[in-house]
$ cat run.txt   # compact mmCIF, C-alpha atoms
# COMPACT_ATOMS: atom_id res chain seq x y z
CA MET A 1 75.63 151.71 47.93
CA PRO A 2 77.51 154.46 46.03
CA VAL A 3 79.98 156.48 48.08
CA ILE A 4 80.19 160.17 47.20
CA GLU A 5 83.21 162.30 47.97
CA ILE A 6 83.10 166.09 47.90
CA ASP A 7 86.33 167.34 46.40
CA ALA A 8 88.64 169.28 48.74
CA GLN A 9 86.02 169.46 51.50
CA ASP A 10 86.85 166.36 53.50
CA ALA A 11 83.27 165.11 53.23
CA VAL A 12 82.12 161.64 52.21
CA PHE A 13 78.59 160.25 52.25
CA ASP A 14 76.62 157.19 51.18
CA CYS A 15 73.91 157.56 48.55
CA ALA A 16 71.02 155.12 48.97
CA PRO A 17 69.62 153.57 45.78
CA GLY A 18 67.32 156.03 44.02
CA ASP A 19 68.51 159.02 46.04
CA THR A 20 69.85 162.17 44.43
CA LEU A 21 73.20 163.67 45.38
CA LEU A 22 71.44 166.50 47.20
CA ARG A 23 69.11 164.41 49.31
CA ALA A 24 71.80 161.89 50.23
CA GLY A 25 74.14 164.70 51.28
CA LEU A 26 71.44 166.31 53.42
CA ARG A 27 70.55 162.96 55.00
CA ALA A 28 74.21 162.74 56.00
CA GLY A 29 73.87 166.14 57.70
CA LEU A 30 76.01 168.12 55.22
CA GLY A 31 75.47 171.83 54.46
CA MET A 32 74.61 171.25 50.79
CA PRO A 33 73.41 174.52 49.18
CA TYR A 34 69.83 174.33 47.82
CA GLU A 35 66.46 176.02 47.99
CA CYS A 36 63.72 174.46 45.87
CA GLY A 37 64.89 170.85 45.56
CA VAL A 38 62.91 170.47 42.32
CA GLY A 39 65.33 171.69 39.64
CA ALA A 40 64.07 175.25 39.38
CA CYS A 41 66.26 177.60 41.42
CA GLY A 42 69.75 176.42 40.44
CA CYS A 43 71.17 176.75 43.97
CA CYS A 44 72.48 173.17 44.09
CA ARG A 45 74.66 173.28 40.96
CA CYS A 46 77.77 171.14 41.16
CA GLU A 47 80.40 169.49 38.98
CA VAL A 48 80.96 165.75 38.73
CA ILE A 49 84.71 165.15 38.61
CA GLU A 50 84.76 161.36 38.69
CA GLY A 51 82.14 158.66 38.34
CA GLU A 52 79.00 158.18 36.30
CA VAL A 53 75.72 159.85 37.07
CA ALA A 54 72.21 159.94 35.62
CA ASP A 55 70.48 163.30 35.19
CA GLN A 56 66.76 162.77 35.73
CA TRP A 57 65.83 166.15 34.23
CA PRO A 58 68.48 167.43 31.77
CA GLU A 59 66.26 170.34 30.66
CA ALA A 60 65.75 171.59 34.24
CA PRO A 61 65.30 175.38 34.25
CA GLY A 62 67.80 175.71 37.11
CA LEU A 63 70.70 175.26 34.68
CA SER A 64 71.75 178.07 32.33
CA ASP A 65 73.54 177.64 29.02
CA ARG A 66 76.73 178.70 30.75
CA ASP A 67 76.23 176.00 33.39
CA ARG A 68 75.71 173.35 30.71
CA ARG A 69 78.79 174.58 28.82
CA LYS A 70 80.76 174.14 32.03
CA GLY A 71 79.42 170.63 32.52
CA ARG A 72 77.47 171.45 35.68
CA VAL A 73 74.56 169.41 36.98
CA LEU A 74 71.92 170.02 39.61
CA ALA A 75 72.55 167.94 42.73
CA CYS A 76 68.77 167.74 43.25
CA GLN A 77 68.28 166.08 39.84
CA THR A 78 71.36 163.84 39.68
CA ARG A 79 71.64 160.22 40.81
CA PRO A 80 75.02 158.53 41.01
CA LEU A 81 75.38 155.20 39.16
CA GLY A 82 78.40 154.24 41.31
CA ASP A 83 81.02 155.90 43.48
CA ALA A 84 81.60 159.51 42.48
CA ARG A 85 83.59 162.61 43.33
CA ILE A 86 81.83 165.96 43.02
CA ARG A 87 82.77 169.61 43.47
CA LEU A 88 80.63 172.08 45.36
CA ARG A 89 81.01 174.45 48.29
CA LEU A 90 79.54 173.19 51.55
CA ASP A 91 78.15 175.84 53.89
CA PRO A 92 78.28 174.85 57.57
CA ARG A 93 75.69 177.56 58.36
CA ILE A 94 73.03 175.61 56.48
CA GLU A 95 73.58 172.11 57.80
CA PRO A 96 70.10 170.57 58.22
CA VAL A 97 68.70 170.92 61.73
CA VAL A 98 66.39 167.98 61.07
CA ARG A 99 67.84 165.46 58.62
CA PRO A 100 65.37 164.50 55.88
CA ALA A 101 64.04 160.93 55.77
CA ARG A 102 61.67 158.94 53.54
CA ARG A 103 58.38 157.72 54.95
CA THR A 104 55.11 156.28 53.76
CA ALA A 105 52.07 158.40 54.61
CA ARG A 106 48.33 157.81 54.24
CA LEU A 107 45.73 160.43 53.34
CA ALA A 108 43.66 160.95 56.51
CA ALA A 109 41.39 163.91 55.71
CA VAL A 110 40.63 166.57 53.09
CA ASN A 111 39.19 170.00 54.02
CA ASP A 112 38.14 172.88 51.75
CA ILE A 113 39.90 176.16 52.58
CA THR A 114 38.95 178.44 49.65
CA HIS A 115 37.32 177.88 46.26
CA ASP A 116 40.58 176.43 44.94
CA ILE A 117 42.74 175.55 47.98
CA ARG A 118 42.27 172.39 50.01
CA GLU A 119 43.98 171.09 53.08
CA PHE A 120 45.27 167.53 52.77
CA VAL A 121 46.12 165.79 56.04
CA PHE A 122 48.51 162.83 55.80
CA ARG A 123 49.57 160.52 58.60
CA SER A 124 52.88 158.67 58.89
CA ASP A 125 53.93 156.05 61.42
CA ALA A 126 57.09 157.95 62.30
CA PRO A 127 56.79 161.37 64.01
CA ALA A 128 56.31 164.45 61.81
CA ASP A 129 59.72 165.95 62.45
CA PHE A 130 60.39 169.34 60.84
CA LEU A 131 60.86 173.05 61.57
CA PRO A 132 57.98 175.51 61.04
CA GLY A 133 58.18 176.82 57.45
CA GLN A 134 59.76 173.73 55.86
CA TYR A 135 58.44 171.54 53.05
CA ALA A 136 58.34 167.88 52.04
CA MET A 137 58.60 166.07 48.71
CA LEU A 138 55.47 164.11 47.92
CA ALA A 139 55.59 161.14 45.54
CA LEU A 140 52.03 160.96 44.19
CA PRO A 141 50.60 158.03 42.26
CA GLY A 142 50.86 158.41 38.49
CA LEU A 143 53.41 161.24 38.49
CA ASP A 144 57.00 160.80 37.37
CA ARG A 145 58.47 163.58 39.50
CA GLU A 146 57.92 164.38 43.16
CA ARG A 147 56.37 167.70 44.10
CA ALA A 148 57.37 170.04 46.94
CA TYR A 149 54.64 171.14 49.36
CA SER A 150 55.02 173.04 52.61
CA MET A 151 53.54 171.93 55.90
CA ALA A 152 50.96 174.25 57.48
CA ASN A 153 50.99 172.63 60.92
CA LEU A 154 53.66 172.19 63.58
CA PRO A 155 55.97 169.21 64.11
CA ASN A 156 54.22 166.51 66.14
CA GLY A 157 54.71 163.03 67.50
CA ALA A 158 51.45 161.79 65.98
CA GLY A 159 52.94 161.82 62.47
CA GLU A 160 50.46 164.39 61.07
CA TRP A 161 51.40 166.42 58.02
CA HIS A 162 49.02 169.18 56.86
CA PHE A 163 49.44 170.52 53.33
CA ARG A 164 47.41 173.26 51.60
CA ILE A 165 47.33 172.75 47.95
CA ARG A 166 45.93 174.95 45.25
CA ARG A 167 44.08 173.31 42.42
CA VAL A 168 45.80 174.12 39.15
CA ILE A 169 43.69 173.10 36.16
CA GLY A 170 45.92 170.86 34.04
CA GLY A 171 48.51 170.72 36.84
CA GLY A 172 49.30 167.05 37.18
CA ALA A 173 50.13 167.05 40.88
CA SER A 174 47.15 169.01 42.13
CA GLU A 175 44.81 167.06 39.80
CA ALA A 176 46.18 163.82 41.22
CA LEU A 177 45.47 165.05 44.73
CA PHE A 178 42.11 166.70 44.10
CA SER A 179 40.45 164.09 41.97
CA GLN A 180 42.21 160.77 42.37
CA LEU A 181 43.47 160.40 45.92
CA ALA A 182 40.96 158.91 48.38
CA PRO A 183 41.35 158.77 52.15
CA GLY A 184 43.59 155.85 53.09
CA ALA A 185 45.66 156.17 49.89
CA GLU A 186 49.40 155.81 50.40
CA ILE A 187 52.02 158.23 49.13
CA GLY A 188 55.76 158.63 49.58
CA LEU A 189 56.78 161.56 51.78
CA ASP A 190 60.40 162.70 51.98
CA GLY A 191 61.43 165.56 54.23
CA PRO A 192 61.85 167.96 55.76
CA TYR A 193 63.54 170.33 53.31
CA GLY A 194 63.86 174.09 52.98
CA MET A 195 65.74 177.01 54.43
CA ALA A 196 62.86 179.38 55.29
CA TRP A 197 62.24 178.00 58.78
CA LEU A 198 61.42 179.99 61.90
CA ARG A 199 64.54 181.41 63.59
CA THR A 200 63.60 181.24 67.25
CA ASP A 201 66.89 182.84 68.32
CA SER A 202 66.23 186.12 66.48
CA PRO A 203 65.23 188.97 68.84
CA ARG A 204 63.28 190.78 66.08
CA ASP A 205 59.60 191.22 65.42
CA ILE A 206 58.32 188.80 62.82
CA VAL A 207 56.63 189.51 59.50
CA CYS A 208 55.06 186.69 57.47
CA ILE A 209 53.93 187.47 53.93
CA ALA A 210 51.99 184.89 51.91
CA GLY A 211 50.21 184.62 48.59
CA GLY A 212 48.51 181.63 46.97
CA SER A 213 49.41 178.33 48.58
CA GLY A 214 52.29 180.11 50.31
CA LEU A 215 49.76 180.33 53.12
CA ALA A 216 50.85 176.91 54.43
CA PRO A 217 54.46 177.60 55.43
CA MET A 218 53.60 181.07 56.75
CA LEU A 219 50.85 179.61 58.94
CA SER A 220 53.36 177.09 60.25
CA VAL A 221 55.80 179.90 61.09
CA ALA A 222 53.09 181.94 62.87
CA ARG A 223 51.90 178.86 64.75
CA GLY A 224 55.51 178.13 65.65
CA VAL A 225 55.90 181.60 67.16
CA ALA A 226 52.74 181.15 69.23
CA ALA A 227 53.88 177.73 70.45
CA GLU A 228 57.42 178.74 71.40
CA PRO A 229 57.64 179.90 75.05
CA SER A 230 60.77 181.99 74.41
CA LEU A 231 58.80 184.01 71.82
CA ALA A 232 55.82 184.73 74.07
CA GLY A 233 54.38 188.18 73.31
CA ARG A 234 56.53 188.63 70.18
CA ARG A 235 54.81 190.79 67.57
CA VAL A 236 53.81 188.98 64.37
CA ASP A 237 52.41 190.84 61.37
CA PHE A 238 50.86 188.36 58.96
CA PHE A 239 50.05 189.53 55.43
CA TYR A 240 48.07 187.66 52.81
CA GLY A 241 47.75 188.86 49.24
CA GLY A 242 45.18 187.43 46.82
CA ARG A 243 43.85 188.38 43.40
CA THR A 244 40.17 188.44 44.39
CA PRO A 245 38.32 188.53 47.73
CA ALA A 246 37.51 184.82 47.25
CA ASP A 247 41.25 184.07 47.42
CA ILE A 248 41.75 185.66 50.84
CA CYS A 249 42.37 183.15 53.62
CA GLY A 250 44.32 182.51 56.79
CA GLN A 251 42.54 184.82 59.24
CA PRO A 252 40.48 182.11 61.02
CA GLU A 253 43.60 180.04 61.68
CA LEU A 254 45.51 183.03 63.04
CA ALA A 255 42.54 184.13 65.14
CA ALA A 256 42.72 180.76 66.88
CA LEU A 257 46.24 181.54 68.16
CA PRO A 258 46.79 182.97 71.64
CA GLY A 259 47.68 186.67 71.40
CA PHE A 260 45.68 187.34 68.21
CA GLY A 261 44.77 191.03 68.02
CA GLU A 262 47.42 191.89 70.60
CA ALA A 263 50.77 190.49 69.50
CA ILE A 264 49.55 188.75 66.32
CA HIS A 265 48.00 190.85 63.54
CA TYR A 266 46.45 189.83 60.23
CA HIS A 267 46.40 192.07 57.14
CA ALA A 268 45.04 191.25 53.68
CA ALA A 269 44.94 192.94 50.30
CA VAL A 270 43.27 192.12 46.99
CA SER A 271 45.08 193.04 43.77
CA ASP A 272 42.18 192.93 41.26
CA ALA A 273 40.25 196.18 41.89
CA ASP A 274 37.31 195.24 39.63
CA ALA A 275 36.83 191.91 41.39
CA ALA A 276 37.10 193.69 44.74
CA HIS A 277 34.33 196.17 43.83
CA ARG A 278 32.09 193.46 42.40
CA ALA A 279 32.40 191.46 45.61
CA GLY A 280 31.85 194.50 47.82
CA TRP A 281 35.33 194.15 49.36
CA SER A 282 35.88 196.89 51.90
CA GLY A 283 39.51 196.03 52.70
CA GLN A 284 42.78 197.06 51.09
CA ILE A 285 43.22 196.97 47.33
CA GLY A 286 46.64 196.71 45.69
CA PRO A 287 49.72 194.52 45.60
CA ILE A 288 50.65 193.07 48.96
CA HIS A 289 54.08 194.73 49.05
CA GLN A 290 52.40 198.15 49.17
CA LEU A 291 50.32 197.12 52.15
CA VAL A 292 53.43 195.74 53.85
CA GLU A 293 55.26 199.03 53.40
CA SER A 294 52.37 201.28 54.49
CA THR A 295 51.39 199.10 57.46
CA LEU A 296 54.86 198.55 58.90
CA GLY A 297 56.29 202.03 58.33
CA GLU A 298 59.31 202.52 60.59
CA ARG A 299 59.08 198.98 61.94
CA LEU A 300 59.93 197.51 58.54
CA GLY A 301 63.66 198.08 58.91
CA SER A 302 64.00 196.15 62.16
CA ALA A 303 61.91 193.03 61.45
CA GLU A 304 62.70 189.46 60.42
CA PHE A 305 60.84 188.50 57.21
CA TYR A 306 59.40 185.20 56.02
CA LEU A 307 57.97 185.05 52.50
CA ALA A 308 56.09 182.39 50.53
CA GLY A 309 54.07 182.86 47.39
CA PRO A 310 54.08 183.26 43.62
CA PRO A 311 57.46 184.33 42.17
CA PRO A 312 56.28 187.85 41.11
CA MET A 313 55.14 188.51 44.69
CA VAL A 314 58.43 187.30 46.16
CA GLU A 315 60.34 189.32 43.56
CA ALA A 316 58.44 192.53 44.38
CA LEU A 317 59.00 191.98 48.10
CA GLN A 318 62.71 191.39 47.61
CA GLN A 319 62.94 194.65 45.67
CA LEU A 320 61.10 196.45 48.45
CA LEU A 321 63.07 194.98 51.32
CA GLN A 322 66.55 194.66 49.86
CA LEU A 323 66.76 197.53 47.38
CA THR A 324 64.43 200.18 48.82
CA HIS A 325 64.91 199.49 52.51
CA LYS A 326 68.43 197.96 52.43
CA LEU A 327 67.62 194.93 54.56
CA PRO A 328 70.42 192.35 54.47
CA PRO A 329 69.42 189.07 52.77
CA GLU A 330 70.02 187.13 56.02
CA ARG A 331 66.89 188.75 57.46
CA ILE A 332 64.64 187.66 54.57
CA HIS A 333 63.75 183.97 54.55
CA PHE A 334 62.16 182.22 51.58
CA ASP A 335 62.67 179.24 49.33
CA ARG A 336 62.67 180.16 45.69
CA PHE A 337 60.26 178.18 43.53
CA PHE A 338 59.98 179.52 39.99
CA MET B 1 86.63 209.45 44.93
CA LYS B 2 88.45 207.17 47.31
CA GLN B 3 91.59 205.25 46.49
CA LEU B 4 91.01 201.55 47.03
CA CYS B 5 94.23 199.91 45.83
CA THR B 6 96.64 199.90 42.90
CA THR B 7 96.36 198.09 39.60
CA ARG B 8 99.12 195.73 40.75
CA ASP B 9 96.82 194.46 43.52
CA VAL B 10 94.30 193.06 41.04
CA PRO B 11 95.54 190.28 38.73
CA ALA B 12 94.16 190.11 35.18
CA GLY B 13 90.96 188.07 35.22
CA GLY B 14 90.91 188.29 39.01
CA CYS B 15 89.61 190.42 41.82
CA HIS B 16 90.65 191.99 45.09
CA ARG B 17 88.53 192.50 48.16
CA ILE B 18 88.65 195.86 49.95
CA GLU B 19 87.55 196.07 53.58
CA LEU B 20 86.66 199.58 54.72
CA ALA B 21 85.43 200.72 58.11
CA ASP B 22 81.67 201.21 58.56
CA ARG B 23 80.57 199.78 55.23
CA PRO B 24 80.23 196.41 53.51
CA PRO B 25 83.35 195.20 51.65
CA LEU B 26 83.98 196.05 48.00
CA ALA B 27 85.32 193.98 45.13
CA VAL B 28 87.72 195.37 42.52
CA PHE B 29 87.72 193.36 39.27
CA ASN B 30 90.23 193.35 36.42
CA LEU B 31 88.71 192.25 33.12
CA ASP B 32 91.48 192.39 30.49
CA GLY B 33 92.95 195.56 31.95
CA ARG B 34 89.63 197.32 32.61
CA PHE B 35 88.83 197.82 36.28
CA TYR B 36 85.39 197.63 37.90
CA VAL B 37 84.23 198.08 41.48
CA THR B 38 81.14 196.45 42.97
CA ASP B 39 79.87 195.41 46.38
CA ASP B 40 81.64 192.20 47.38
CA THR B 41 78.69 190.54 49.11
CA CYS B 42 76.30 188.54 46.94
CA THR B 43 72.77 189.99 46.96
CA HIS B 44 71.34 186.50 47.44
CA GLY B 45 73.15 185.53 50.61
CA GLU B 46 76.17 186.17 52.71
CA ALA B 47 79.04 185.19 50.44
CA SER B 48 82.10 187.02 49.15
CA LEU B 49 82.12 187.34 45.36
CA CYS B 50 85.93 187.61 45.51
CA ASP B 51 85.87 183.92 46.47
CA GLY B 52 83.82 183.16 43.35
CA GLU B 53 84.73 182.29 39.79
CA ILE B 54 85.24 185.02 37.22
CA ASP B 55 84.26 184.31 33.65
CA CYS B 56 86.17 186.88 31.59
CA ASP B 57 84.56 185.92 28.28
CA ASP B 58 81.10 186.67 29.63
CA GLY B 59 82.27 189.43 32.00
CA VAL B 60 80.52 187.62 34.80
CA VAL B 61 81.34 186.72 38.41
CA GLU B 62 79.73 183.68 40.00
CA CYS B 63 78.93 183.42 43.69
CA PRO B 64 80.95 180.62 45.32
CA TYR B 65 77.97 179.10 47.16
CA HIS B 66 75.14 178.88 44.63
CA GLN B 67 76.89 179.92 41.43
CA GLY B 68 74.38 182.68 40.94
CA ALA B 69 75.99 185.28 38.68
CA PHE B 70 76.30 189.01 38.04
CA GLU B 71 77.56 191.06 35.10
CA ILE B 72 80.61 192.77 36.54
CA ALA B 73 80.30 195.97 34.49
CA THR B 74 76.60 196.58 35.16
CA GLY B 75 75.80 194.61 38.33
CA ARG B 76 72.88 192.99 36.52
CA PRO B 77 71.94 189.54 37.78
CA ALA B 78 73.10 187.00 35.17
CA GLY B 79 72.14 183.65 36.66
CA ALA B 80 69.67 182.16 39.12
CA PRO B 81 69.18 182.40 42.03
CA CYS B 82 70.40 186.02 41.95
CA SER B 83 67.67 188.51 41.06
CA ILE B 84 68.64 191.67 42.93
CA PRO B 85 71.29 193.71 41.08
CA LEU B 86 74.72 194.13 42.59
CA ARG B 87 75.66 197.69 43.47
CA ILE B 88 78.35 199.11 41.19
CA TYR B 89 80.59 202.17 41.60
CA ARG B 90 82.13 204.65 39.17
CA VAL B 91 85.86 203.96 38.78
CA GLU B 92 88.88 206.07 37.80
CA VAL B 93 92.44 204.86 37.35
CA LYS B 94 95.25 207.45 37.72
CA ASP B 95 98.94 206.48 37.75
CA GLU B 96 98.18 202.87 38.68
CA ALA B 97 95.91 203.93 41.57
CA ILE B 98 92.30 202.73 41.44
CA TYR B 99 89.67 205.14 42.78
CA ALA B 100 85.94 204.56 43.21
CA ALA B 101 83.05 206.91 43.90
CA ILE B 102 81.92 204.98 46.95
CA ASP B 103 79.88 207.82 48.44
CA GLU B 104 77.89 208.60 45.31
CA THR B 105 74.23 207.78 45.40
CA GLU B 106 73.49 204.50 43.79
CA ALA B 107 73.49 204.44 40.01
CA ALA B 108 70.41 202.77 38.59
CA CYS B 109 71.08 199.39 37.08
CA PRO B 110 71.05 199.90 33.29
$ encode --input "run.txt" --output "structure tokens"
Amino acid sequence: MPVIEIDAQDAVFDCAPGDTLLRAGLRAGLGMPYECGVGACGCCRCEVIEGEVADQWPEAPGLSDRDRRKGRVLACQTRPLGDARIRLRLDPRIEPVVRPARRTARLAAVNDITHDIREFVFRSDAPADFLPGQYAMLALPGLDRERAYSMANLPNGAGEWHFRIRRVIGGGASEALFSQLAPGAEIGLDGPYGMAWLRTDSPRDIVCIAGGSGLAPMLSVARGVAAEPSLAGRRVDFFYGGRTPADICGQPELAALPGFGEAIHYHAAVSDADAAHRAGWSGQIGPIHQLVESTLGERLGSAEFYLAGPPPMVEALQQLLQLTHKLPPERIHFDRFF
Amino acid sequence: MKQLCTTRDVPAGGCHRIELADRPPLAVFNLDGRFYVTDDTCTHGEASLCDGEIDCDDGVVECPYHQGAFEIATGRPAGAPCSIPLRIYRVEVKDEAIYAAIDETEAACP
């Protein structure tokens, strides 16, 4: 098994066959920087000083021309071919709370959520061990690369993993799930990953903002708040932004939580005004960040934020929170998928 | 304008962190004899840009943790995962002393 040394950081770890530098480092409990794990965000860039490696996605969008000029690789896309020495900066603040592990999981149930989002329930023999808000890498039959999907449920000893996946026409992964996978089918499940997990030690009110299939991790965070005794009575404002009224979801699940309507509040907005009028939508119309700002008012500055959704939504929220309202980045939790 | 340091404190191609009371730290950069002042903390996460790598040819500083990057002169994000501009400050150099307009309202990112 290749042994990987991190230059000048006094860290050494084993890399199991087929593992990437990133996943092997995380399995060893190291604070390897990353967000998306799928080659898009660029957070896990590193340099290989010694040893041979294979880059499974040389064109990954997470690398810029300057990175390539400097000989950098993405730890999430690089497999060592033997012992190697790499250079990156470990961050002890982000050491994994739950170390990721590979499992086999079987499709147990499929439920329709909206016209294009379905819930896929998988079951593994080992417990489903993760923090609310995290994601797993799914190896689906017929696809060359794994895909990252967030869990919507809470960690559990029964080995249940609930994913909410949006059907993307022509999207290989969602097509594989929607049309080819039958109950009982086996997939590879590797996790948990991700930095946008519920901070139970924060004393602040909690704001979850979701769009698209970002519903899943935000539901997990809200469910995690409701299930955590030390957070009893904590205010949660849950926002969901969709293009049309048919896209709006999440309220029934939140309404099932203790404290809904008192401590836990649901807000939704639709961005396509024409579609809203056609459907007789009587709720808010506009981008979700506007509803966040007008609803929270003074409370915005003192809350802890969790975000998951399409990149333009996350971008607009970052502008609102960091630039307009000067929130420090440590209070805004999201994993960047481009 | 507030004096932050002298030109001797900032090596060519390097930077110097300035800690001031009641505000986040600043970074003073020296790109081939031209001096620039920005916030020192990366807009993506809690990291000091003065611990990062400076690329003089591109006029860019890279965050030490994720190698996200900013243009030093403009504060514009120049590499993922950074997307929020870095705050920059107007600079004057008089008799080797470097001053910055740290109380001015934020200049829009060009």
$ closest_atom_pairs --input "run.txt" --of "chain B" --to "chain A" --cutoff "6 Å" --atoms "only C-alpha atoms" --output "JSON lines"
{"residue": "B:Gly45", "atom": "CA", "partner": "A:Pro329", "partner_atom": "CA", "distance": 5.6}
{"residue": "B:Tyr65", "atom": "CA", "partner": "A:Arg89", "partner_atom": "CA", "distance": 5.7}
{"residue": "B:His66", "atom": "CA", "partner": "A:Cys43", "partner_atom": "CA", "distance": 4.6}
{"residue": "B:Ala80", "atom": "CA", "partner": "A:Gly42", "partner_atom": "CA", "distance": 5.9}
{"residue": "B:Pro81", "atom": "CA", "partner": "A:Cys41", "partner_atom": "CA", "distance": 5.7}
$ residues_around --input "run.txt" --residues "A:Val121" --least-positions-apart "5" --cutoff "8 Å" --atoms "all atoms listed in the file" --output "PyMOL selection string"
chain A and resi 107-110+160-163
$ atom_distance --input "run.txt" --atom1 "atom CA of A:Phe120" --atom2 "atom CA of A:Leu154"
14.5 Å
$ closest_residue --input "run.txt" --among "B:Ala12, B:Val91, B:Cys82, B:Leu31" --to "B:His44" --atoms "only C-alpha atoms"
B:Cys82
$ axis_aligned_box --input "run.txt" --around "stretch 12-18 of chain B" --padding-each-side "8 Å" --output "AutoDock Vina command-line options"
--center_x 91.3 --center_y 192.0 --center_z 42.6 --size_x 21.6 --size_y 23.8 --size_z 30.8
$ closest_residue --input "run.txt" --among "A:Asp83, A:Glu47, A:Asp190, A:Glu262" --to "A:Arg69" --atoms "all atoms listed in the file"
A:Glu47
$ residues_around --input "run.txt" --residues "B:Pro85" --least-positions-apart "4" --cutoff "9 Å" --atoms "only C-alpha atoms" --output "ChimeraX atom specification"
/A:323 /B:43,70,74-77,109
$ atom_distance --input "run.txt" --atom1 "atom CA of A:Ala16" --atom2 "atom CA of A:Val38"
18.6 Å
$ residues_around --input "run.txt" --residues "B:Gly13" --least-positions-apart "2" --cutoff "7 Å" --atoms "all atoms listed in the file" --output "list in words"
Pro11, Asn30, Leu31, Asp32, Ile54 and Cys56 of chain B
$ residues_around --input "run.txt" --residues "B:Ala73" --least-positions-apart "4" --cutoff "8 Å" --atoms "all atoms listed in the file" --output "PyMOL selection string"
chain B and resi 36+59+88
$ closest_residue --input "run.txt" --among "B:Ile72, B:Val93, B:Ala101, B:Ala47" --to "B:Phe29" --atoms "only C-alpha atoms"
B:Ile72
$ residues_around --input "run.txt" --residues "A:Val48" --least-positions-apart "4" --cutoff "9 Å" --atoms "all atoms listed in the file" --output "mmCIF file with C-alpha atoms, keeping the file's coordinate frame"
data_model
loop_
_atom_site.group_PDB
_atom_site.id
_atom_site.type_symbol
_atom_site.label_atom_id
_atom_site.label_comp_id
_atom_site.auth_asym_id
_atom_site.auth_seq_id
_atom_site.Cartn_x
_atom_site.Cartn_y
_atom_site.Cartn_z
ATOM 1 C CA GLU A 52 79.000 158.180 36.300
ATOM 2 C CA VAL A 53 75.720 159.850 37.070
ATOM 3 C CA GLY A 71 79.420 170.630 32.520
ATOM 4 C CA ARG A 72 77.470 171.450 35.680
ATOM 5 C CA VAL A 73 74.560 169.410 36.980
ATOM 6 C CA ALA A 84 81.600 159.510 42.480
ATOM 7 C CA ARG A 85 83.590 162.610 43.330
ATOM 8 C CA ILE A 86 81.830 165.960 43.020
ATOM 9 C CA ARG A 87 82.770 169.610 43.470
#
$ closest_residue --input "run.txt" --among "B:Cys63, B:Cys15, B:Met1, B:Ala78" --to "B:Ser48" --atoms "all atoms listed in the file"
B:Cys63
$ closest_residue --input "run.txt" --among "B:Tyr89, B:Cys5, B:Ile98, B:Gly79" --to "B:Asp39" --atoms "all atoms listed in the file"
B:Tyr89
$ residues_near_point --input "run.txt" --point "(54.3, 162.4, 66.0)" --cutoff "12 Å" --atoms "all atoms listed in the file" --output "PyMOL selection string"
chain A and resi 122-130+153-161
$ atom_distance --input "run.txt" --atom1 "atom CA of A:Leu327" --atom2 "atom CA of A:Val314"
14.6 Å
$ residues_near_point --input "run.txt" --point "(79.9, 207.8, 46.0)" --cutoff "9 Å" --atoms "all atoms listed in the file" --output "PDB file with C-alpha atoms, in the frame of the given file"
ATOM      1  CA  MET B   1      86.630 209.450  44.930  1.00  0.00           C
ATOM      2  CA  LYS B   2      88.450 207.170  47.310  1.00  0.00           C
ATOM      3  CA  TYR B  89      80.590 202.170  41.600  1.00  0.00           C
ATOM      4  CA  ARG B  90      82.130 204.650  39.170  1.00  0.00           C
ATOM      5  CA  ALA B 100      85.940 204.560  43.210  1.00  0.00           C
ATOM      6  CA  ALA B 101      83.050 206.910  43.900  1.00  0.00           C
ATOM      7  CA  ILE B 102      81.920 204.980  46.950  1.00  0.00           C
ATOM      8  CA  ASP B 103      79.880 207.820  48.440  1.00  0.00           C
ATOM      9  CA  GLU B 104      77.890 208.600  45.310  1.00  0.00           C
ATOM     10  CA  THR B 105      74.230 207.780  45.400  1.00  0.00           C
ATOM     11  CA  GLU B 106      73.490 204.500  43.790  1.00  0.00           C
TER      12      GLU B 106
END
$ decode --input "run.txt" --residues "stretch 6-13 of chain B" --atoms "N, CA and C atoms" --output "short mmCIF file (atom, residue, chain, number, x, y, z; two decimals), in the first residue's frame"
data_model
loop_
_atom_site.label_atom_id
_atom_site.label_comp_id
_atom_site.auth_asym_id
_atom_site.auth_seq_id
_atom_site.Cartn_x
_atom_site.Cartn_y
_atom_site.Cartn_z
N THR B 6 7.27 51.11 7.41
CA THR B 6 8.15 51.78 6.46
C THR B 6 8.44 50.84 5.30
N THR B 7 8.96 51.38 4.23
CA THR B 7 9.24 50.55 3.05
C THR B 7 10.27 49.47 3.36
N ARG B 8 11.12 49.71 4.38
CA ARG B 8 12.12 48.70 4.74
C ARG B 8 11.49 47.47 5.38
N ASP B 9 10.26 47.63 5.89
CA ASP B 9 9.59 46.49 6.54
C ASP B 9 9.04 45.48 5.53
N VAL B 10 8.94 45.88 4.27
CA VAL B 10 8.27 45.02 3.29
C VAL B 10 9.25 44.64 2.19
N PRO B 11 9.78 43.43 2.22
CA PRO B 11 10.76 43.03 1.19
C PRO B 11 10.14 43.01 -0.21
N ALA B 12 10.97 43.22 -1.23
CA ALA B 12 10.47 43.17 -2.61
C ALA B 12 9.86 41.79 -2.86
N GLY B 13 8.69 41.77 -3.46
CA GLY B 13 8.03 40.50 -3.74
C GLY B 13 7.44 39.86 -2.48
#
